[in-house]
file my_file.cif (mmCIF, C-alpha atoms)
data_work
loop_
_atom_site.group_PDB
_atom_site.id
_atom_site.type_symbol
_atom_site.label_atom_id
_atom_site.label_comp_id
_atom_site.auth_asym_id
_atom_site.auth_seq_id
_atom_site.Cartn_x
_atom_site.Cartn_y
_atom_site.Cartn_z
ATOM 1 C CA MET G 1 125.792 96.454 89.987
ATOM 2 C CA ARG G 2 126.364 99.765 88.223
ATOM 3 C CA ARG G 3 125.674 103.047 89.944
ATOM 4 C CA ILE G 4 125.459 106.584 88.667
ATOM 5 C CA LYS G 5 128.799 108.218 89.384
ATOM 6 C CA SER G 6 127.534 111.757 89.087
ATOM 7 C CA LEU G 7 123.944 112.669 88.455
ATOM 8 C CA GLU G 8 124.990 116.151 87.384
ATOM 9 C CA THR G 9 126.908 114.784 84.420
ATOM 10 C CA SER G 10 124.502 111.927 83.733
ATOM 11 C CA THR G 11 121.581 114.263 83.141
ATOM 12 C CA SER G 12 123.453 116.851 81.121
ATOM 13 C CA THR G 13 123.412 117.650 77.425
ATOM 14 C CA SER G 14 126.403 117.917 75.074
ATOM 15 C CA GLY G 15 128.869 117.309 77.882
ATOM 16 C CA SER G 16 127.575 120.105 80.060
ATOM 17 C CA SER G 17 127.717 119.463 83.808
ATOM 18 C CA THR G 18 124.870 121.810 84.673
ATOM 19 C CA SER G 19 122.690 120.220 87.367
ATOM 20 C CA VAL G 20 118.988 120.672 88.006
ATOM 21 C CA ALA G 21 119.764 122.472 91.246
ATOM 22 C CA THR G 22 122.162 124.876 89.505
ATOM 23 C CA LEU G 23 119.539 125.665 86.881
ATOM 24 C CA ALA G 24 117.013 126.347 89.627
ATOM 25 C CA TYR G 25 119.280 128.890 91.286
ATOM 26 C CA ALA G 26 120.064 130.520 87.945
ATOM 27 C CA GLY G 27 116.376 130.736 87.128
ATOM 28 C CA ALA G 28 115.626 132.401 90.455
ATOM 29 C CA ALA G 29 118.376 134.953 89.918
ATOM 30 C CA HIS G 30 117.032 135.722 86.458
ATOM 31 C CA LEU G 31 113.547 136.254 87.824
ATOM 32 C CA GLU G 32 114.756 138.672 90.446
ATOM 33 C CA SER G 33 116.450 140.745 87.766
ATOM 34 C CA GLU G 34 113.365 141.085 85.574
ATOM 35 C CA SER G 35 111.668 144.437 85.316
ATOM 36 C CA GLU G 36 108.334 145.057 86.990
ATOM 37 C CA ASP G 37 106.828 145.920 83.628
ATOM 38 C CA SER G 38 106.760 142.224 82.710
ATOM 39 C CA ASN G 39 104.870 141.234 85.872
ATOM 40 C CA SER G 40 101.539 142.087 84.293
ATOM 41 C CA ASP G 41 102.094 139.350 81.710
ATOM 42 C CA TYR G 42 102.457 136.780 84.504
ATOM 43 C CA GLU G 43 99.391 137.738 86.526
ATOM 44 C CA GLY G 44 97.730 134.603 87.867
ATOM 45 C CA ARG G 45 100.491 132.380 86.459
ATOM 46 C CA TRP G 46 103.260 132.543 89.054
ATOM 47 C CA ILE G 47 104.714 129.191 90.116
ATOM 48 C CA HIS G 48 107.098 128.562 92.967
ATOM 49 C CA ILE G 49 109.270 125.425 92.909
ATOM 50 C CA LYS G 50 109.539 124.062 96.420
ATOM 51 C CA LYS G 51 113.137 123.317 97.331
ATOM 52 C CA LEU G 52 113.240 119.701 98.501
ATOM 53 C CA PRO G 53 116.167 117.664 99.824
ATOM 54 C CA SER G 54 117.726 115.564 97.081
ATOM 55 C CA ARG G 55 116.530 112.387 98.823
ATOM 56 C CA PHE G 56 113.072 113.170 97.424
ATOM 57 C CA ASN G 57 114.168 113.429 93.790
ATOM 58 C CA LEU G 58 117.674 113.191 92.347
ATOM 59 C CA ASP G 59 119.028 110.742 94.930
ATOM 60 C CA LEU G 60 116.213 108.351 94.064
ATOM 61 C CA LEU G 61 117.664 107.939 90.577
ATOM 62 C CA THR G 62 120.850 106.439 92.003
ATOM 63 C CA ASN G 63 118.855 103.607 93.580
ATOM 64 C CA TYR G 64 117.067 102.547 90.397
ATOM 65 C CA PHE G 65 119.521 99.698 89.917
ATOM 66 C CA ALA G 66 118.268 98.023 93.082
ATOM 67 C CA TYR G 67 114.952 97.140 91.433
ATOM 68 C CA PRO G 68 114.209 94.723 88.563
ATOM 69 C CA ILE G 69 113.213 97.451 86.122
ATOM 70 C CA TYR G 70 116.256 98.159 83.934
ATOM 71 C CA ASP G 71 119.475 96.371 83.081
ATOM 72 C CA ASP G 72 121.130 99.705 82.328
ATOM 73 C CA PHE G 73 119.383 102.859 83.468
ATOM 74 C CA CYS G 74 122.064 105.400 82.531
ATOM 75 C CA PRO G 75 121.182 105.914 78.821
ATOM 76 C CA TYR G 76 117.726 107.186 79.730
ATOM 77 C CA LEU G 77 119.156 109.951 81.935
ATOM 78 C CA ALA G 78 120.933 111.681 79.055
ATOM 79 C CA ASN G 79 119.610 115.042 77.884
ATOM 80 C CA HIS G 80 117.800 115.584 81.197
ATOM 81 C CA GLY G 81 115.563 112.557 80.735
ATOM 82 C CA LEU G 82 115.076 112.666 76.961
ATOM 83 C CA GLY G 83 117.651 109.953 76.399
ATOM 84 C CA HIS G 84 120.091 109.788 73.501
ATOM 85 C CA LYS G 85 119.116 110.769 69.974
ATOM 86 C CA THR G 86 117.893 107.914 67.808
ATOM 87 C CA HIS G 87 120.705 108.648 65.337
ATOM 88 C CA ASN G 88 123.414 111.257 64.935
ATOM 89 C CA ARG G 89 121.608 113.369 62.333
ATOM 90 C CA SER G 90 118.318 113.464 64.236
ATOM 91 C CA HIS G 91 117.017 116.827 65.410
ATOM 92 C CA SER G 92 113.742 115.675 66.941
ATOM 93 C CA TRP G 93 113.779 111.957 67.833
ATOM 94 C CA TYR G 94 115.093 110.505 71.090
ATOM 95 C CA CYS G 95 115.313 107.084 72.727
ATOM 96 C CA ILE G 96 113.102 108.221 75.562
ATOM 97 C CA ASP G 97 111.607 106.168 78.353
ATOM 98 C CA PRO G 98 108.095 107.286 79.384
ATOM 99 C CA PHE G 99 108.945 106.820 83.046
ATOM 100 C CA MET G 100 111.430 109.696 82.883
ATOM 101 C CA LEU G 101 108.519 112.152 83.005
ATOM 102 C CA GLU G 102 109.187 113.245 86.589
ATOM 103 C CA LEU G 103 112.801 114.108 85.825
ATOM 104 C CA LEU G 104 111.932 115.680 82.470
ATOM 105 C CA PHE G 105 109.110 117.817 83.882
ATOM 106 C CA HIS G 106 111.353 118.960 86.736
ATOM 107 C CA ARG G 107 113.991 120.049 84.252
ATOM 108 C CA ARG G 108 111.591 121.756 81.829
ATOM 109 C CA ILE G 109 109.657 123.732 84.433
ATOM 110 C CA LEU G 110 112.905 125.451 85.387
ATOM 111 C CA GLU G 111 112.557 127.295 82.055
ATOM 112 C CA TYR G 112 108.969 128.365 82.731
ATOM 113 C CA PRO G 113 108.923 132.175 82.442
ATOM 114 C CA CYS G 114 106.577 132.785 85.381
ATOM 115 C CA LEU G 115 108.652 131.347 88.211
ATOM 116 C CA THR G 116 109.014 133.202 91.476
ATOM 117 C CA PRO G 117 111.444 132.521 94.337
ATOM 118 C CA ASP G 118 108.864 133.931 96.770
ATOM 119 C CA PRO G 119 106.191 131.330 97.637
ATOM 120 C CA SER G 120 103.903 134.012 99.054
ATOM 121 C CA LEU G 121 103.570 135.498 95.543
ATOM 122 C CA ALA G 122 102.947 132.166 93.814
ATOM 123 C CA HIS G 123 99.581 130.976 92.577
ATOM 124 C CA ALA G 124 100.812 127.369 92.523
ATOM 125 C CA ILE G 125 103.576 125.438 94.296
ATOM 126 C CA PHE G 126 105.355 122.680 92.382
ATOM 127 C CA LEU G 127 106.705 119.801 94.466
ATOM 128 C CA PRO G 128 109.633 118.164 92.590
ATOM 129 C CA TYR G 129 109.027 114.859 94.352
ATOM 130 C CA TYR G 130 109.699 111.787 92.204
ATOM 131 C CA GLY G 131 106.844 109.858 93.779
ATOM 132 C CA ALA G 132 106.672 107.044 91.223
ATOM 133 C CA ILE G 133 110.366 106.291 91.560
ATOM 134 C CA ASP G 134 110.090 106.478 95.345
ATOM 135 C CA SER G 135 107.245 103.947 95.209
ATOM 136 C CA LEU G 136 109.600 101.254 93.879
ATOM 137 C CA ARG G 137 110.928 100.582 97.365
ATOM 138 C CA CYS G 138 107.385 99.686 98.419
ATOM 139 C CA LEU G 139 106.805 97.476 95.377
ATOM 140 C CA TYR G 140 110.146 95.749 94.837
ATOM 141 C CA GLY G 141 112.511 96.760 97.631
ATOM 142 C CA PRO G 142 112.964 95.731 101.253
ATOM 143 C CA GLU G 143 109.986 97.886 102.252
ATOM 144 C CA VAL G 144 107.550 95.816 100.179
ATOM 145 C CA ASN G 145 103.971 95.914 101.475
ATOM 146 C CA SER G 146 104.650 99.222 103.239
ATOM 147 C CA ASN G 147 102.367 100.966 100.772
ATOM 148 C CA ALA G 148 100.666 103.100 103.422
ATOM 149 C CA ASP G 149 104.019 104.729 104.242
ATOM 150 C CA HIS G 150 104.644 105.955 100.693
ATOM 151 C CA GLY G 151 105.036 109.744 100.784
ATOM 152 C CA LEU G 152 104.792 110.173 104.559
ATOM 153 C CA SER G 153 108.378 111.365 104.935
ATOM 154 C CA HIS G 154 107.686 113.912 102.195
ATOM 155 C CA TYR G 155 104.607 115.128 104.048
ATOM 156 C CA CYS G 156 106.573 115.464 107.295
ATOM 157 C CA PHE G 157 109.119 117.616 105.511
ATOM 158 C CA LEU G 158 106.401 119.918 104.169
ATOM 159 C CA GLN G 159 105.133 120.372 107.729
ATOM 160 C CA GLN G 160 108.568 121.247 109.081
ATOM 161 C CA ASP G 161 110.109 123.363 106.328
ATOM 162 C CA ASN G 162 108.325 126.732 106.163
ATOM 163 C CA PRO G 163 105.002 125.171 107.207
ATOM 164 C CA GLN G 164 103.156 128.430 106.502
ATOM 165 C CA ILE G 165 103.514 127.627 102.781
ATOM 166 C CA TRP G 166 101.503 124.452 103.264
ATOM 167 C CA TYR G 167 98.989 125.792 105.755
ATOM 168 C CA ARG G 168 98.158 128.844 103.645
ATOM 169 C CA TYR G 169 95.753 126.708 101.605
ATOM 170 C CA PHE G 170 96.366 123.309 103.236
ATOM 171 C CA GLY G 171 97.950 121.992 100.054
ATOM 172 C CA HIS G 172 95.266 123.171 97.628
ATOM 173 C CA ASP G 173 97.833 125.215 95.694
ATOM 174 C CA HIS G 174 100.428 122.400 95.572
ATOM 175 C CA PHE G 175 100.876 120.013 92.649
ATOM 176 C CA VAL G 176 103.062 117.007 91.910
ATOM 177 C CA VAL G 177 103.828 114.912 88.819
ATOM 178 C CA LEU G 178 103.514 111.114 89.084
ATOM 179 C CA VAL G 179 104.791 109.032 86.216
ATOM 180 C CA HIS G 180 102.533 106.007 86.788
ATOM 181 C CA PRO G 181 98.754 105.734 86.376
ATOM 182 C CA ALA G 182 96.742 106.975 89.343
ATOM 183 C CA TRP G 183 95.583 103.420 90.015
ATOM 184 C CA ASP G 184 99.138 102.503 91.038
ATOM 185 C CA PHE G 185 98.874 104.992 93.927
ATOM 186 C CA SER G 186 95.262 104.299 94.919
ATOM 187 C CA GLN G 187 95.361 101.127 96.981
ATOM 188 C CA PRO G 188 92.799 101.469 99.794
ATOM 189 C CA LEU G 189 94.361 101.724 103.216
ATOM 190 C CA SER G 190 92.002 98.982 104.380
ATOM 191 C CA ASN G 191 93.436 96.349 102.006
ATOM 192 C CA ASP G 192 94.773 93.446 104.040
ATOM 193 C CA PRO G 193 96.802 91.820 102.696
ATOM 194 C CA PRO G 194 97.994 94.672 100.467
ATOM 195 C CA LEU G 195 97.514 94.388 96.725
ATOM 196 C CA TRP G 196 99.548 95.981 93.945
ATOM 197 C CA GLY G 197 100.406 99.661 94.290
ATOM 198 C CA THR G 198 100.726 102.166 97.095
ATOM 199 C CA SER G 199 98.241 104.358 98.959
ATOM 200 C CA PHE G 200 99.817 107.735 98.192
ATOM 201 C CA LEU G 201 96.630 109.205 96.693
ATOM 202 C CA GLU G 202 94.478 107.588 99.366
ATOM 203 C CA LEU G 203 96.247 109.264 102.272
ATOM 204 C CA PRO G 204 94.028 112.025 103.736
ATOM 205 C CA LYS G 205 97.157 114.133 104.143
ATOM 206 C CA PHE G 206 97.439 114.465 100.351
ATOM 207 C CA TYR G 207 93.771 114.811 99.467
ATOM 208 C CA ASN G 208 94.161 118.484 98.522
ATOM 209 C CA ILE G 209 97.261 118.133 96.354
ATOM 210 C CA THR G 210 96.752 118.214 92.587
ATOM 211 C CA ALA G 211 98.328 115.132 91.007
ATOM 212 C CA LEU G 212 99.325 115.103 87.339
ATOM 213 C CA THR G 213 99.424 111.411 86.408
ATOM 214 C CA LEU G 214 99.732 109.393 83.222
ATOM 215 C CA GLU G 215 96.206 108.099 83.706
ATOM 216 C CA SER G 216 93.745 109.695 86.118
ATOM 217 C CA ARG G 217 90.632 108.240 87.654
ATOM 218 C CA ALA G 218 87.247 109.646 86.715
ATOM 219 C CA TRP G 219 86.012 110.958 90.061
ATOM 220 C CA PRO G 220 88.888 112.526 92.073
ATOM 221 C CA TRP G 221 88.881 116.227 91.287
ATOM 222 C CA GLN G 222 92.573 116.576 92.165
ATOM 223 C CA GLU G 223 93.785 114.129 89.486
ATOM 224 C CA HIS G 224 94.554 115.266 85.949
ATOM 225 C CA ALA G 225 95.837 112.995 83.183
ATOM 226 C CA LEU G 226 99.039 113.647 81.285
ATOM 227 C CA PRO G 227 99.866 112.052 77.921
ATOM 228 C CA TYR G 228 102.591 109.440 77.757
ATOM 229 C CA LEU G 229 105.914 110.745 76.558
ATOM 230 C CA THR G 230 106.737 110.167 72.908
ATOM 231 C CA SER G 231 110.118 110.017 71.202
ATOM 232 C CA PHE G 232 109.327 113.115 69.112
ATOM 233 C CA HIS G 233 110.678 116.344 70.619
ATOM 234 C CA PRO G 234 111.430 118.935 67.925
ATOM 235 C CA LEU G 235 113.753 121.725 68.946
ATOM 236 C CA THR G 236 111.935 124.434 66.985
ATOM 237 C CA LEU G 237 108.463 125.227 65.679
ATOM 238 C CA ALA G 238 109.860 125.000 62.151
ATOM 239 C CA LEU G 239 110.806 121.352 62.706
ATOM 240 C CA LEU G 240 107.355 120.661 64.168
ATOM 241 C CA HIS G 241 105.541 122.283 61.237
ATOM 242 C CA SER G 242 107.794 120.430 58.803
ATOM 243 C CA TRP G 243 106.850 117.109 60.391
ATOM 244 C CA ILE G 244 103.127 117.953 60.396
ATOM 245 C CA ALA G 245 103.304 118.840 56.716
ATOM 246 C CA TYR G 246 105.124 115.576 55.971
ATOM 247 C CA VAL G 247 102.503 113.506 57.788
ATOM 248 C CA CYS G 248 99.621 115.302 56.059
ATOM 249 C CA ARG G 249 100.923 114.575 52.573
ATOM 250 C CA THR G 250 101.876 110.978 53.329
ATOM 251 C CA CYS G 251 99.517 108.214 52.234
ATOM 252 C CA ARG G 252 98.883 106.093 55.309
ATOM 253 C CA THR G 253 97.107 102.809 54.692
ATOM 254 C CA THR G 254 97.533 101.321 58.159
ATOM 255 C CA LEU G 255 96.385 102.514 61.564
ATOM 256 C CA MET G 256 97.677 100.733 64.640
ATOM 257 C CA LEU G 257 96.273 101.115 68.140
ATOM 258 C CA PHE G 258 97.608 99.632 71.357
ATOM 259 C CA ALA G 259 95.488 99.018 74.444
ATOM 260 C CA ASP G 260 97.056 97.829 77.676
ATOM 261 C CA SER G 261 95.555 95.372 80.149
ATOM 262 C CA SER G 262 93.523 98.081 81.893
ATOM 263 C CA GLY G 263 91.068 97.657 79.030
ATOM 264 C CA ILE G 264 89.528 94.648 80.774
ATOM 265 C CA ALA G 265 87.956 96.876 83.423
ATOM 266 C CA SER G 266 84.170 97.095 83.507
ATOM 267 C CA THR G 267 84.145 100.885 83.837
ATOM 268 C CA PRO G 268 84.267 102.926 80.601
ATOM 269 C CA ASN G 269 87.791 103.828 79.502
ATOM 270 C CA VAL G 270 89.751 104.259 76.289
ATOM 271 C CA PRO G 271 91.598 100.894 76.344
ATOM 272 C CA HIS G 272 88.305 99.123 77.039
ATOM 273 C CA ASN G 273 86.672 100.790 73.998
ATOM 274 C CA ILE G 274 89.627 99.932 71.770
ATOM 275 C CA ARG G 275 89.459 96.275 72.763
ATOM 276 C CA ASN G 276 85.694 96.205 72.108
ATOM 277 C CA GLU G 277 86.241 97.758 68.682
ATOM 278 C CA CYS G 278 88.863 95.150 68.006
ATOM 279 C CA LYS G 279 86.555 92.288 68.963
ATOM 280 C CA ASN G 280 83.673 93.677 66.892
ATOM 281 C CA SER G 281 85.851 94.067 63.813
ATOM 282 C CA MET G 282 86.708 90.370 63.845
ATOM 283 C CA THR G 283 83.296 89.540 62.442
ATOM 284 C CA ILE G 284 82.660 92.531 60.188
ATOM 285 C CA GLY G 285 84.652 94.586 57.739
ATOM 286 C CA LYS G 286 87.114 91.826 56.886
ATOM 287 C CA ASP G 287 86.518 91.991 53.152
ATOM 288 C CA PRO G 288 88.257 95.099 51.728
ATOM 289 C CA THR G 289 86.397 94.691 48.417
ATOM 290 C CA ILE G 290 83.096 95.488 50.168
ATOM 291 C CA SER G 291 83.889 98.437 52.431
ATOM 292 C CA GLY G 292 87.228 99.568 51.061
ATOM 293 C CA GLN G 293 88.718 99.046 54.526
ATOM 294 C CA PHE G 294 90.439 96.113 56.114
ATOM 295 C CA LYS G 295 90.583 95.480 59.866
ATOM 296 C CA ASP G 296 92.839 92.941 61.465
ATOM 297 C CA CYS G 297 92.890 92.824 65.268
ATOM 298 C CA VAL G 298 95.066 90.753 67.533
ATOM 299 C CA ILE G 299 94.428 90.544 71.270
ATOM 300 C CA VAL G 300 97.268 89.269 73.408
ATOM 301 C CA ASP G 301 96.613 88.677 77.091
ATOM 302 C CA HIS G 302 99.595 88.203 79.366
ATOM 303 C CA LYS G 303 98.691 86.011 82.306
#

call {"tool": "encode", "arguments": {"input": "my_file.cif", "output": "structure tokens"}}
result
Amino acid sequence: MRRIKSLETSTSTSGSSTSVATLAYAGAAHLESESEDSNSDYEGRWIHIKKLPSRFNLDLLTNYFAYPIYDDFCPYLANHGLGHKTHNRSHSWYCIDPFMLELLFHRRILEYPCLTPDPSLAHAIFLPYYGAIDSLRCLYGPEVNSNADHGLSHYCFLQQDNPQIWYRYFGHDHFVVLVHPAWDFSQPLSNDPPLWGTSFLELPKFYNITALTLESRAWPWQEHALPYLTSFHPLTLALLHSWIAYVCRTCRTTLMLFADSSGIASTPNVPHNIRNECKNSMTIGKDPTISGQFKDCVIVDHK
């Protein structure tokens, strides 16, 4: 079984051995050297990155091989979670895995201009806890069916390390990024036997934390949906505008939509609407000579 020899070099770009922790310290030093004149531009936008032990983030990446997720996890760690470029001449396209969002967000927020090393000055506290990766031990590892314990060690650390940061607003100013849909962390504590997922978002201890997830539920106020990562990451605005211009002048005759299995739910959601549209189009609009459009839908259910 392969293991990551050095996470610092595995997540670097162009051979650089700069680690996430090193970048965090450099960012803090840069902030302290900024002039007070720029503070007015950051009013109401200050973010403090909570310093967590590596067992809550980077160390979790070294255990990925213990779970039946990837045959080879290392390529996805390149470029701080972007993965390798699709080809040598590419400036914008990467072989990215959507589940690298926690690592990628952690790396990118280190470049956010309104960071502060002083949590008392921050309007929001970012917790670089890779909760989705940590959940794998409860889903596939030796701690399977221990879903109610997911995140408890993280909570205990927040209570012990500068607890005044937490108790200032009892977690209302804290936020975390979770790379799976909210449903994967919303198993009721009363489920016996446990079903799929963990109870991270059902724990009263974390009720006040804002969770940025790939798919949020409709009613919890603390959940906010993030888009899935794409392979397109242009380095400059010029490359982005060039791609937009190319797409606008390209004649596109085919539109493809993908809806995952969550579309079978009875509650309104985007996948559910896409599947309904697909079913409806099987009986109408099949003759392009009548409407000028042609719809062909295929529904594949994996049992």

call {"tool": "residues_near_point", "arguments": {"input": "my_file.cif", "point": "(95.9, 98.5, 95.8)", "cutoff": "6 Å", "atoms": "only C-alpha atoms", "output": "list of chain:residue names"}}
result
G:Ser186, G:Gln187, G:Pro188, G:Leu195, G:Trp196, G:Gly197

call {"tool": "write_last_selection", "arguments": {"input": "my_file.cif", "atoms": "C-alpha atoms", "output": "CSV table (one decimal), keeping the file's coordinate frame"}}
result
chain,number,residue,atom,x,y,z
G,186,SER,CA,95.3,104.3,94.9
G,187,GLN,CA,95.4,101.1,97.0
G,188,PRO,CA,92.8,101.5,99.8
G,195,LEU,CA,97.5,94.4,96.7
G,196,TRP,CA,99.5,96.0,93.9
G,197,GLY,CA,100.4,99.7,94.3

call {"tool": "residues_around", "arguments": {"input": "my_file.cif", "residues": "region 233-239 of chain G", "least_positions_apart": "5", "cutoff": "8 Å", "atoms": "all atoms listed in the file", "output": "PyMOL selection string"}}
result
chain G and resi 91-94

call {"tool": "atom_distance", "arguments": {"input": "my_file.cif", "atom1": "CA of Gly151 (chain G)", "atom2": "CA of His48 (chain G)"}}
result
20.5 Å

call {"tool": "closest_residue", "arguments": {"input": "my_file.cif", "among": "G:His224, G:His272, G:His150, G:Arg107", "to": "Phe175 (chain G)", "atoms": "all atoms listed in the file"}}
result
G:His224

call {"tool": "atom_distance", "arguments": {"input": "my_file.cif", "atom1": "CA of Asn79 (chain G)", "atom2": "CA of Ala66 (chain G)"}}
result
22.9 Å

call {"tool": "resolve_selection", "arguments": {"input": "my_file.cif", "expression": "the PyMOL selection byres ((chain G and resi 147) around 8)", "output": "PDB file with C-alpha atoms, in the coordinates of the input"}}
result
ATOM      1  CA  SER G 135     107.245 103.947  95.209  1.00  0.00           C
ATOM      2  CA  CYS G 138     107.385  99.686  98.419  1.00  0.00           C
ATOM      3  CA  LEU G 139     106.805  97.476  95.377  1.00  0.00           C
ATOM      4  CA  VAL G 144     107.550  95.816 100.179  1.00  0.00           C
ATOM      5  CA  ASN G 145     103.971  95.914 101.475  1.00  0.00           C
ATOM      6  CA  SER G 146     104.650  99.222 103.239  1.00  0.00           C
ATOM      7  CA  ALA G 148     100.666 103.100 103.422  1.00  0.00           C
ATOM      8  CA  ASP G 149     104.019 104.729 104.242  1.00  0.00           C
ATOM      9  CA  HIS G 150     104.644 105.955 100.693  1.00  0.00           C
ATOM     10  CA  GLN G 187      95.361 101.127  96.981  1.00  0.00           C
ATOM     11  CA  PRO G 194      97.994  94.672 100.467  1.00  0.00           C
ATOM     12  CA  GLY G 197     100.406  99.661  94.290  1.00  0.00           C
ATOM     13  CA  THR G 198     100.726 102.166  97.095  1.00  0.00           C
ATOM     14  CA  SER G 199      98.241 104.358  98.959  1.00  0.00           C
ATOM     15  CA  PHE G 200      99.817 107.735  98.192  1.00  0.00           C
TER      16      PHE G 200
END

call {"tool": "atom_distance", "arguments": {"input": "my_file.cif", "atom1": "CA of Glu102 (chain G)", "atom2": "CA of Glu43 (chain G)"}}
result
26.4 Å

call {"tool": "closest_residue", "arguments": {"input": "my_file.cif", "among": "G:Phe56, G:Tyr155, G:Phe99, G:Phe65", "to": "Tyr130 (chain G)", "atoms": "only C-alpha atoms"}}
result
G:Phe56

call {"tool": "closest_residue", "arguments": {"input": "my_file.cif", "among": "G:Asn276, G:Phe232, G:Cys74, G:Leu115", "to": "Thr86 (chain G)", "atoms": "all atoms listed in the file"}}
result
G:Phe232

call {"tool": "resolve_selection", "arguments": {"input": "my_file.cif", "expression": "the PyMOL selection byres ((chain G and resi 205) around 12)", "output": "ChimeraX atom specification"}}
result
/G:148-156,158-159,166-167,170-172,199-204,206-209

call {"tool": "residues_around", "arguments": {"input": "my_file.cif", "residues": "Tyr228 (chain G)", "least_positions_apart": "2", "cutoff": "7 Å", "atoms": "all atoms listed in the file", "output": "number ranges by chain"}}
result
G: 98, 214, 226, 230
